[in-house]
file coords_38.cif (mmCIF, C-alpha atoms and all ligand atoms)
data_run
#
loop_
_atom_site.label_atom_id
_atom_site.label_comp_id
_atom_site.auth_asym_id
_atom_site.auth_seq_id
_atom_site.Cartn_x
_atom_site.Cartn_y
_atom_site.Cartn_z
CA MET G 1 86.99 112.17 80.21
CA ARG G 2 87.97 113.11 83.75
CA LEU G 3 85.36 112.36 86.38
CA ASP G 4 86.01 115.70 88.08
CA ASN G 5 85.28 117.53 84.81
CA ALA G 6 82.00 115.67 84.26
CA THR G 7 78.52 116.45 85.62
CA TRP G 8 76.61 113.80 87.56
CA ARG G 9 74.29 113.36 84.60
CA GLU G 10 77.25 112.73 82.34
CA VAL G 11 78.59 110.17 84.83
CA GLU G 12 75.20 108.46 84.94
CA ALA G 13 75.14 108.29 81.14
CA ALA G 14 78.73 107.02 81.04
CA LEU G 15 77.84 104.25 83.50
CA GLU G 16 75.03 103.06 81.21
CA ARG G 17 77.42 102.83 78.32
CA MET G 18 80.54 101.59 80.11
CA PRO G 19 80.69 100.58 83.81
CA GLY G 20 84.48 100.86 84.06
CA ILE G 21 86.75 103.63 85.34
CA ILE G 22 90.51 104.17 85.60
CA LEU G 23 91.87 105.32 88.98
CA PRO G 24 95.45 106.68 88.84
CA VAL G 25 97.52 106.33 92.03
CA GLY G 26 100.94 107.95 92.49
CA SER G 27 102.96 109.60 95.26
CA THR G 28 104.27 112.99 96.41
CA GLU G 29 107.98 112.43 97.03
CA GLN G 30 111.47 113.41 95.98
CA HIS G 31 112.61 112.04 92.63
CA GLY G 32 116.29 112.99 92.60
CA PRO G 33 117.92 116.26 91.49
CA MET G 34 115.98 116.57 88.23
CA GLY G 35 112.73 114.70 89.00
CA LEU G 36 109.54 116.51 90.02
CA ILE G 37 108.00 115.75 93.43
CA GLY G 38 104.80 114.71 91.66
CA THR G 39 106.51 112.35 89.18
CA ASP G 40 104.63 109.16 90.13
CA ALA G 41 101.24 110.88 90.21
CA ILE G 42 101.92 112.73 86.95
CA CYS G 43 102.95 109.54 85.12
CA ALA G 44 99.93 107.56 86.33
CA GLU G 45 97.53 110.43 85.59
CA LYS G 46 98.79 111.29 82.11
CA ILE G 47 98.90 107.66 80.99
CA ALA G 48 95.42 107.09 82.46
CA GLU G 49 94.02 110.10 80.61
CA ALA G 50 95.51 108.97 77.29
CA ALA G 51 94.27 105.40 77.85
CA ALA G 52 90.79 106.63 78.78
CA GLU G 53 90.58 108.58 75.55
CA LYS G 54 91.28 105.40 73.57
CA ALA G 55 88.92 103.25 75.67
CA ASP G 56 86.26 105.99 75.91
CA CYS G 57 85.96 105.70 79.70
CA LEU G 58 86.20 107.97 82.73
CA VAL G 59 89.30 108.71 84.84
CA ALA G 60 88.87 109.29 88.59
CA PRO G 61 90.90 112.02 90.36
CA THR G 62 94.45 110.84 91.06
CA ILE G 63 95.38 109.65 94.54
CA ALA G 64 98.66 111.51 95.08
CA TYR G 65 99.09 111.20 98.87
CA THR G 66 100.45 107.73 99.63
CA PRO G 67 103.12 106.07 101.80
CA ALA G 68 106.72 107.17 101.14
CA PRO G 69 108.31 107.15 104.63
CA PHE G 70 111.79 106.32 103.29
CA ASN G 71 111.89 109.65 101.41
CA MET G 72 110.91 111.87 104.36
CA ALA G 73 114.51 113.12 104.81
CA PHE G 74 114.19 114.89 101.44
CA ALA G 75 112.32 118.22 101.28
CA GLY G 76 108.86 118.15 99.72
CA THR G 77 107.99 114.51 100.33
CA ILE G 78 104.54 114.01 101.87
CA SER G 79 103.97 110.55 103.32
CA ILE G 80 100.85 109.05 104.86
CA SER G 81 100.81 105.78 106.80
CA GLY G 82 99.96 102.47 105.19
CA GLU G 83 96.80 102.26 107.34
CA THR G 84 95.59 105.72 106.31
CA PHE G 85 96.28 104.98 102.66
CA GLU G 86 94.52 101.64 102.85
CA ALA G 87 91.45 103.26 104.47
CA LEU G 88 91.43 106.08 101.89
CA PHE G 89 91.76 103.65 99.00
CA ARG G 90 89.01 101.41 100.41
CA GLU G 91 86.55 104.28 100.80
CA ILE G 92 87.26 105.58 97.28
CA VAL G 93 86.72 102.19 95.60
CA ASP G 94 83.66 101.67 97.82
CA SER G 95 82.17 104.94 96.52
CA LEU G 96 82.82 103.98 92.91
CA ARG G 97 81.21 100.58 93.45
CA THR G 98 78.15 102.23 95.06
CA HIS G 99 77.57 104.20 91.84
CA GLY G 100 77.66 101.03 89.76
CA PHE G 101 81.22 100.85 88.46
CA ARG G 102 81.92 97.17 87.87
CA LEU G 103 85.58 97.55 86.91
CA ILE G 104 87.85 99.82 88.90
CA TYR G 105 91.11 99.79 86.99
CA VAL G 106 93.90 101.08 89.20
CA LEU G 107 96.85 102.50 87.27
CA ASN G 108 99.73 102.66 89.71
CA GLY G 109 102.93 104.72 89.60
CA HIS G 110 104.55 103.98 93.01
CA GLY G 111 105.77 100.60 94.29
CA ALA G 112 104.85 101.16 97.97
CA ASN G 113 101.15 101.45 97.02
CA LEU G 114 100.89 97.88 95.83
CA ASP G 115 100.66 95.88 99.06
CA PRO G 116 97.97 98.05 100.73
CA MET G 117 95.90 98.16 97.52
CA ARG G 118 96.17 94.40 97.07
CA ASP G 119 94.97 93.94 100.67
CA VAL G 120 91.83 95.95 99.87
CA SER G 121 91.15 94.27 96.52
CA ALA G 122 91.53 90.76 98.00
CA GLY G 123 88.30 90.94 99.98
CA PHE G 124 86.39 93.26 97.67
CA GLU G 125 83.03 92.13 96.26
CA GLY G 126 80.56 93.58 93.79
CA ALA G 127 83.21 95.09 91.52
CA THR G 128 86.54 94.01 90.12
CA ILE G 129 89.61 95.96 91.21
CA ARG G 130 92.38 95.41 88.69
CA ILE G 131 95.76 96.77 89.74
CA ARG G 132 98.48 97.42 87.18
CA SER G 133 101.59 99.57 87.31
CA TRP G 134 102.35 101.42 84.07
CA TRP G 135 105.70 99.62 83.76
CA ASP G 136 104.07 96.16 83.90
CA PHE G 137 103.51 95.95 80.15
CA ASP G 138 105.93 94.27 77.69
CA THR G 139 105.67 97.03 75.10
CA VAL G 140 106.68 99.58 77.75
CA ASN G 141 109.55 97.46 79.01
CA VAL G 142 110.99 96.99 75.55
CA LEU G 143 111.33 100.78 75.36
CA ARG G 144 112.74 101.14 78.91
CA LYS G 145 115.36 98.52 78.12
CA ARG G 146 116.19 99.98 74.71
CA TYR G 147 116.60 103.55 75.99
CA TYR G 148 118.25 102.98 79.35
CA GLY G 149 119.24 99.33 79.92
CA ASP G 150 120.33 98.77 83.52
CA TRP G 151 120.47 102.54 84.13
CA GLU G 152 116.70 102.49 84.52
CA GLY G 153 117.44 101.54 88.15
CA MET G 154 114.86 101.77 90.95
CA HIS G 155 114.01 105.37 91.78
CA ALA G 156 114.04 108.64 89.83
CA THR G 157 114.15 106.38 86.78
CA PRO G 158 114.93 108.01 83.44
CA SER G 159 111.67 106.60 82.04
CA GLU G 160 109.43 108.28 84.61
CA ILE G 161 111.39 111.53 84.33
CA ALA G 162 111.14 111.37 80.52
CA ILE G 163 107.34 111.19 80.82
CA THR G 164 107.23 114.30 83.03
CA GLN G 165 109.59 116.04 80.59
CA ALA G 166 107.09 115.36 77.82
CA THR G 167 104.06 116.49 79.84
CA HIS G 168 105.39 119.12 82.26
CA ARG G 169 108.94 120.53 82.27
CA ILE G 170 112.61 119.71 81.88
CA VAL G 171 114.93 120.35 84.84
CA PRO G 172 118.64 120.57 83.87
CA PRO G 173 120.60 117.66 85.39
CA GLY G 174 123.44 119.69 86.94
CA ASP G 175 125.61 117.34 89.01
CA ALA G 176 123.24 114.47 88.20
CA SER G 177 124.88 114.34 84.76
CA ASP G 178 127.19 111.84 86.42
CA PRO G 179 125.78 108.33 86.80
CA PRO G 180 124.68 107.20 90.28
CA GLU G 181 126.15 104.29 92.19
CA ARG G 182 125.31 101.02 90.44
CA LEU G 183 122.99 98.70 92.39
CA THR G 184 123.77 95.02 92.87
CA PRO G 185 121.12 92.49 91.76
CA GLU G 186 120.82 91.50 95.46
CA TYR G 187 119.93 95.07 96.43
CA VAL G 188 117.29 95.29 93.70
CA ALA G 189 115.73 91.98 94.74
CA ARG G 190 115.66 92.89 98.44
CA HIS G 191 114.16 96.35 97.96
CA SER G 192 111.56 95.83 95.20
CA GLY G 193 108.14 97.35 95.96
CA ASP G 194 109.95 100.27 97.67
CA ARG G 195 111.03 98.21 100.66
CA HIS G 196 113.55 100.79 101.82
CA GLY G 197 114.86 101.51 105.31
CA PRO G 198 114.31 104.49 107.65
CA ALA G 199 114.43 107.99 106.13
CA GLU G 200 117.77 109.22 107.53
CA LEU G 201 119.51 106.00 106.58
CA HIS G 202 117.99 106.06 103.10
CA ARG G 203 119.25 109.59 102.51
CA ARG G 204 122.73 108.74 103.78
CA ARG G 205 122.82 105.73 101.47
CA PHE G 206 121.46 107.65 98.42
CA PRO G 207 122.41 111.29 99.08
CA ASP G 208 120.92 112.84 95.93
CA GLY G 209 117.78 110.70 95.96
CA ARG G 210 118.52 108.57 92.89
CA VAL G 211 118.42 104.84 93.61
CA GLY G 212 120.49 103.28 90.84
CA SER G 213 118.72 105.35 88.18
CA HIS G 214 120.63 107.54 85.72
CA SER G 215 117.91 110.20 85.46
CA ALA G 216 119.94 112.40 83.10
CA LEU G 217 119.43 109.90 80.26
CA ALA G 218 115.75 110.97 80.12
CA ARG G 219 114.56 112.73 76.94
CA PRO G 220 111.11 114.19 76.30
CA GLU G 221 110.80 112.24 73.03
CA HIS G 222 111.35 109.00 75.00
CA GLY G 223 108.64 110.18 77.38
CA ARG G 224 106.16 110.64 74.52
CA ASP G 225 106.92 107.11 73.24
CA LEU G 226 106.64 105.59 76.74
CA LEU G 227 103.38 107.41 77.41
CA GLN G 228 101.88 106.25 74.12
CA ALA G 229 103.00 102.65 74.57
CA ALA G 230 101.68 102.53 78.13
CA ALA G 231 98.37 104.17 77.18
CA ALA G 232 97.80 101.69 74.34
CA ALA G 233 98.58 98.73 76.63
CA VAL G 234 96.39 100.03 79.46
CA SER G 235 93.49 100.75 77.12
CA GLU G 236 93.65 97.25 75.65
CA ASP G 237 93.98 95.62 79.08
CA PHE G 238 91.11 97.72 80.45
CA THR G 239 88.81 96.80 77.55
CA GLY G 240 89.61 93.10 77.93
CA ALA G 241 89.03 93.21 81.68
CA LEU G 242 85.71 95.02 81.26
CA ALA G 243 84.48 92.37 78.82
CA GLN G 244 85.23 89.76 81.51
CA CYS G 245 83.11 91.69 84.01
CA GLY G 246 80.09 90.85 81.81
NI NI Q 301 108.63 107.25 90.94
#

call {"tool": "encode", "arguments": {"input": "coords_38.cif", "output": "structure tokens"}}
result
Amino acid sequence: MRLDNATWREVEAALERMPGIILPVGSTEQHGPMGLIGTDAICAEKIAEAAAEKADCLVAPTIAYTPAPFNMAFAGTISISGETFEALFREIVDSLRTHGFRLIYVLNGHGANLDPMRDVSAGFEGATIRIRSWWDFDTVNVLRKRYYGDWEGMHATPSEIAITQATHRIVPPGDASDPPERLTPEYVARHSGDRHGPAELHRRRFPDGRVGSHSALARPEHGRDLLQAAAAAVSEDFTGALAQCG
């Protein structure tokens, strides 16, 4: 159940039964010619909701405003600074801890969120913050590999677009039917965790917003499979982590 759709009495009862909550974190940024601006937030939220149904736990409102400075040369991107995001994240997990949540399970959908969230969780006491991205799980990666191989790429990935096709809408690929420039392994290694350069440079380098990802390979049926695999893995991981919290 979503926290924002629950009453405070229902939250109090849920806490008695199960002191764990899933907190989805995404972004609001361009995702290539056929990817929705909310892709990262949508993926994290929909997987979190499906996982929460299996694990019978609450889902906090999604954090959708996060750092994406490298995408600011593309219309629609909203980026906040790392410091603002870190402060926002800290105050949200603080609030959850105050109410008695012992496990705050962060389901991430955007690489640039990881470092600031890890900074907060490192010194956090009184509750466990467990941070996982939805693509961390083996069962999800088997599917990504099988459907897209190396064309999964780094940004506007067919897997994330497939999930939004299953849950929201399908945008025709148009000129993105053609594959993007292939990335070298060196590029991928140097830029993991969204370590991209300044906005204007990033747009010049990747003019349609795809970073090595052949978005047009996305299919809604892949999205349903990816969502289910990720939800099952998150639910299992959440339940195991909660048991460890005692
Ligand atoms: Ni994304």

call {"tool": "residues_near_point", "arguments": {"input": "coords_38.cif", "point": "(107.6, 114.0, 99.0)", "cutoff": "6 Å", "atoms": "only C-alpha atoms", "output": "compact mmCIF listing (two decimals) with C-alpha atoms, keeping the file's coordinate frame"}}
result
# COMPACT_ATOMS: atom_id res chain seq x y z
CA THR G 28 104.27 112.99 96.41
CA GLU G 29 107.98 112.43 97.03
CA GLN G 30 111.47 113.41 95.98
CA ILE G 37 108.00 115.75 93.43
CA GLY G 76 108.86 118.15 99.72
CA THR G 77 107.99 114.51 100.33
CA ILE G 78 104.54 114.01 101.87

call {"tool": "residues_near_ligand", "arguments": {"input": "coords_38.cif", "ligand": "ligand NI 301 (chain Q)", "cutoff": "6 Å", "atoms": "all atoms listed in the file", "output": "number ranges by chain"}}
result
G: 39-40, 110, 155-156

call {"tool": "residues_around", "arguments": {"input": "coords_38.cif", "residues": "Ala216 of chain G", "least_positions_apart": "4", "cutoff": "9 Å", "atoms": "all atoms listed in the file", "output": "ChimeraX atom specification"}}
result
/G:34,158,161,172-174,176-179

call {"tool": "closest_residue", "arguments": {"input": "coords_38.cif", "among": "G:Pro116, G:Leu242, G:Glu200, G:Val234", "to": "Arg17 of chain G", "atoms": "all atoms listed in the file"}}
result
G:Leu242

call {"tool": "atom_distance", "arguments": {"input": "coords_38.cif", "atom1": "atom CA of Tyr187 of chain G", "atom2": "atom CA of His214 of chain G"}}
result
16.5 Å

call {"tool": "atom_distance", "arguments": {"input": "coords_38.cif", "atom1": "atom CA of Gly38 of chain G", "atom2": "atom CA of Arg118 of chain G"}}
result
22.7 Å

call {"tool": "atom_distance", "arguments": {"input": "coords_38.cif", "atom1": "atom CA of Pro24 of chain G", "atom2": "atom CA of Trp151 of chain G"}}
result
25.8 Å

call {"tool": "closest_residue", "arguments": {"input": "coords_38.cif", "among": "G:Gly240, G:Pro67, G:Gly109, G:Gly32", "to": "Gly212 of chain G", "atoms": "all atoms listed in the file"}}
result
G:Gly32

call {"tool": "decode", "arguments": {"input": "coords_38.cif", "residues": "segment 128-246 of chain G", "atoms": "C-alpha atoms", "output": "CSV table (one decimal), in the first residue's frame"}}
result
chain,number,residue,atom,x,y,z
G,128,THR,CA,18.9,0.5,8.3
G,129,ILE,CA,19.0,2.2,5.0
G,130,ARG,CA,19.4,-0.4,2.3
G,131,ILE,CA,20.1,1.0,-1.2
G,132,ARG,CA,19.5,-1.0,-4.3
G,133,SER,CA,19.0,-0.1,-7.9
G,134,TRP,CA,16.3,-2.1,-9.8
G,135,TRP,CA,18.9,-3.3,-12.2
G,136,ASP,CA,21.2,-4.7,-9.5
G,137,PHE,CA,19.5,-8.1,-9.4
G,138,ASP,CA,20.7,-11.2,-11.4
G,139,THR,CA,17.2,-12.2,-12.5
G,140,VAL,CA,16.7,-8.7,-14.0
G,141,ASN,CA,20.1,-8.7,-15.7
G,142,VAL,CA,19.5,-12.1,-17.4
G,143,LEU,CA,16.5,-10.5,-19.1
G,144,ARG,CA,18.3,-7.2,-20.0
G,145,LYS,CA,21.1,-9.2,-21.6
G,146,ARG,CA,18.7,-11.6,-23.4
G,147,TYR,CA,16.5,-8.9,-24.8
G,148,TYR,CA,19.1,-6.2,-25.7
G,149,GLY,CA,22.7,-7.4,-25.2
G,150,ASP,CA,25.1,-4.5,-25.5
G,151,TRP,CA,22.4,-2.3,-26.9
G,152,GLU,CA,21.2,-1.8,-23.3
G,153,GLY,CA,23.8,1.0,-23.1
G,154,MET,CA,23.9,3.7,-20.4
G,155,HIS,CA,21.0,6.1,-20.8
G,156,ALA,CA,17.5,5.8,-22.3
G,157,THR,CA,18.0,2.1,-22.0
G,158,PRO,CA,15.5,-0.1,-23.8
G,159,SER,CA,14.8,-1.9,-20.5
G,160,GLU,CA,13.7,1.2,-18.7
G,161,ILE,CA,11.7,2.4,-21.7
G,162,ALA,CA,10.1,-1.0,-21.9
G,163,ILE,CA,8.9,-0.7,-18.3
G,164,THR,CA,7.3,2.7,-19.0
G,165,GLN,CA,5.7,1.2,-22.2
G,166,ALA,CA,4.1,-1.5,-20.0
G,167,THR,CA,2.9,1.0,-17.3
G,168,HIS,CA,2.3,4.3,-19.2
G,169,ARG,CA,2.5,4.8,-22.9
G,170,ILE,CA,4.4,3.9,-26.1
G,171,VAL,CA,6.1,6.7,-28.0
G,172,PRO,CA,6.9,5.8,-31.7
G,173,PRO,CA,10.7,5.8,-32.2
G,174,GLY,CA,10.8,8.0,-35.3
G,175,ASP,CA,14.5,8.7,-36.2
G,176,ALA,CA,15.5,6.7,-33.1
G,177,SER,CA,14.8,3.5,-35.1
G,178,ASP,CA,18.4,3.8,-36.1
G,179,PRO,CA,20.9,2.5,-33.5
G,180,PRO,CA,22.9,5.2,-31.5
G,181,GLU,CA,26.7,5.5,-31.6
G,182,ARG,CA,28.3,2.4,-29.9
G,183,LEU,CA,30.1,3.2,-26.6
G,184,THR,CA,33.6,1.9,-26.0
G,185,PRO,CA,34.2,-0.1,-22.8
G,186,GLU,CA,36.5,2.7,-21.6
G,187,TYR,CA,33.6,5.2,-21.9
G,188,VAL,CA,31.3,3.0,-20.0
G,189,ALA,CA,33.8,2.5,-17.2
G,190,ARG,CA,34.7,6.2,-16.9
G,191,HIS,CA,31.1,7.4,-16.8
G,192,SER,CA,29.3,4.8,-14.7
G,193,GLY,CA,27.1,6.3,-11.9
G,194,ASP,CA,26.1,9.1,-14.4
G,195,ARG,CA,29.5,10.8,-14.2
G,196,HIS,CA,28.9,12.9,-17.3
G,197,GLY,CA,30.3,16.3,-18.3
G,198,PRO,CA,28.7,19.7,-18.5
G,199,ALA,CA,25.3,20.0,-20.1
G,200,GLU,CA,26.2,21.7,-23.4
G,201,LEU,CA,29.0,19.3,-24.0
G,202,HIS,CA,26.9,16.3,-23.1
G,203,ARG,CA,24.2,17.3,-25.6
G,204,ARG,CA,26.8,17.9,-28.3
G,205,ARG,CA,28.3,14.5,-27.7
G,206,PHE,CA,24.9,12.7,-27.5
G,207,PRO,CA,22.6,14.9,-29.6
G,208,ASP,CA,19.4,12.9,-29.3
G,209,GLY,CA,19.9,12.1,-25.6
G,210,ARG,CA,20.6,8.4,-26.0
G,211,VAL,CA,23.9,7.3,-24.4
G,212,GLY,CA,24.7,4.0,-26.2
G,213,SER,CA,21.2,2.7,-25.7
G,214,HIS,CA,19.1,1.4,-28.6
G,215,SER,CA,15.8,2.5,-27.1
G,216,ALA,CA,13.7,1.4,-30.1
G,217,LEU,CA,14.3,-2.3,-29.1
G,218,ALA,CA,12.0,-1.8,-26.1
G,219,ARG,CA,8.7,-3.7,-26.1
G,220,PRO,CA,5.9,-3.5,-23.5
G,221,GLU,CA,6.0,-7.3,-23.0
G,222,HIS,CA,9.6,-7.0,-22.1
G,223,GLY,CA,8.7,-4.3,-19.7
G,224,ARG,CA,6.1,-6.5,-18.0
G,225,ASP,CA,8.7,-9.3,-17.6
G,226,LEU,CA,11.4,-6.9,-16.3
G,227,LEU,CA,8.9,-5.3,-13.8
G,228,GLN,CA,7.9,-8.7,-12.5
G,229,ALA,CA,11.4,-10.0,-12.2
G,230,ALA,CA,12.6,-6.8,-10.4
G,231,ALA,CA,9.5,-6.8,-8.1
G,232,ALA,CA,10.1,-10.4,-7.1
G,233,ALA,CA,13.8,-9.8,-6.4
G,234,VAL,CA,13.2,-6.6,-4.4
G,235,SER,CA,10.4,-8.2,-2.3
G,236,GLU,CA,12.7,-11.2,-1.5
G,237,ASP,CA,15.6,-8.9,-0.7
G,238,PHE,CA,13.4,-6.6,1.4
G,239,THR,CA,12.0,-9.5,3.4
G,240,GLY,CA,15.5,-10.9,4.1
G,241,ALA,CA,16.8,-7.5,5.1
G,242,LEU,CA,13.9,-6.9,7.5
G,243,ALA,CA,14.5,-10.2,9.2
G,244,GLN,CA,18.1,-9.1,9.8
G,245,CYS,CA,16.8,-5.9,11.5
G,246,GLY,CA,15.4,-8.1,14.2
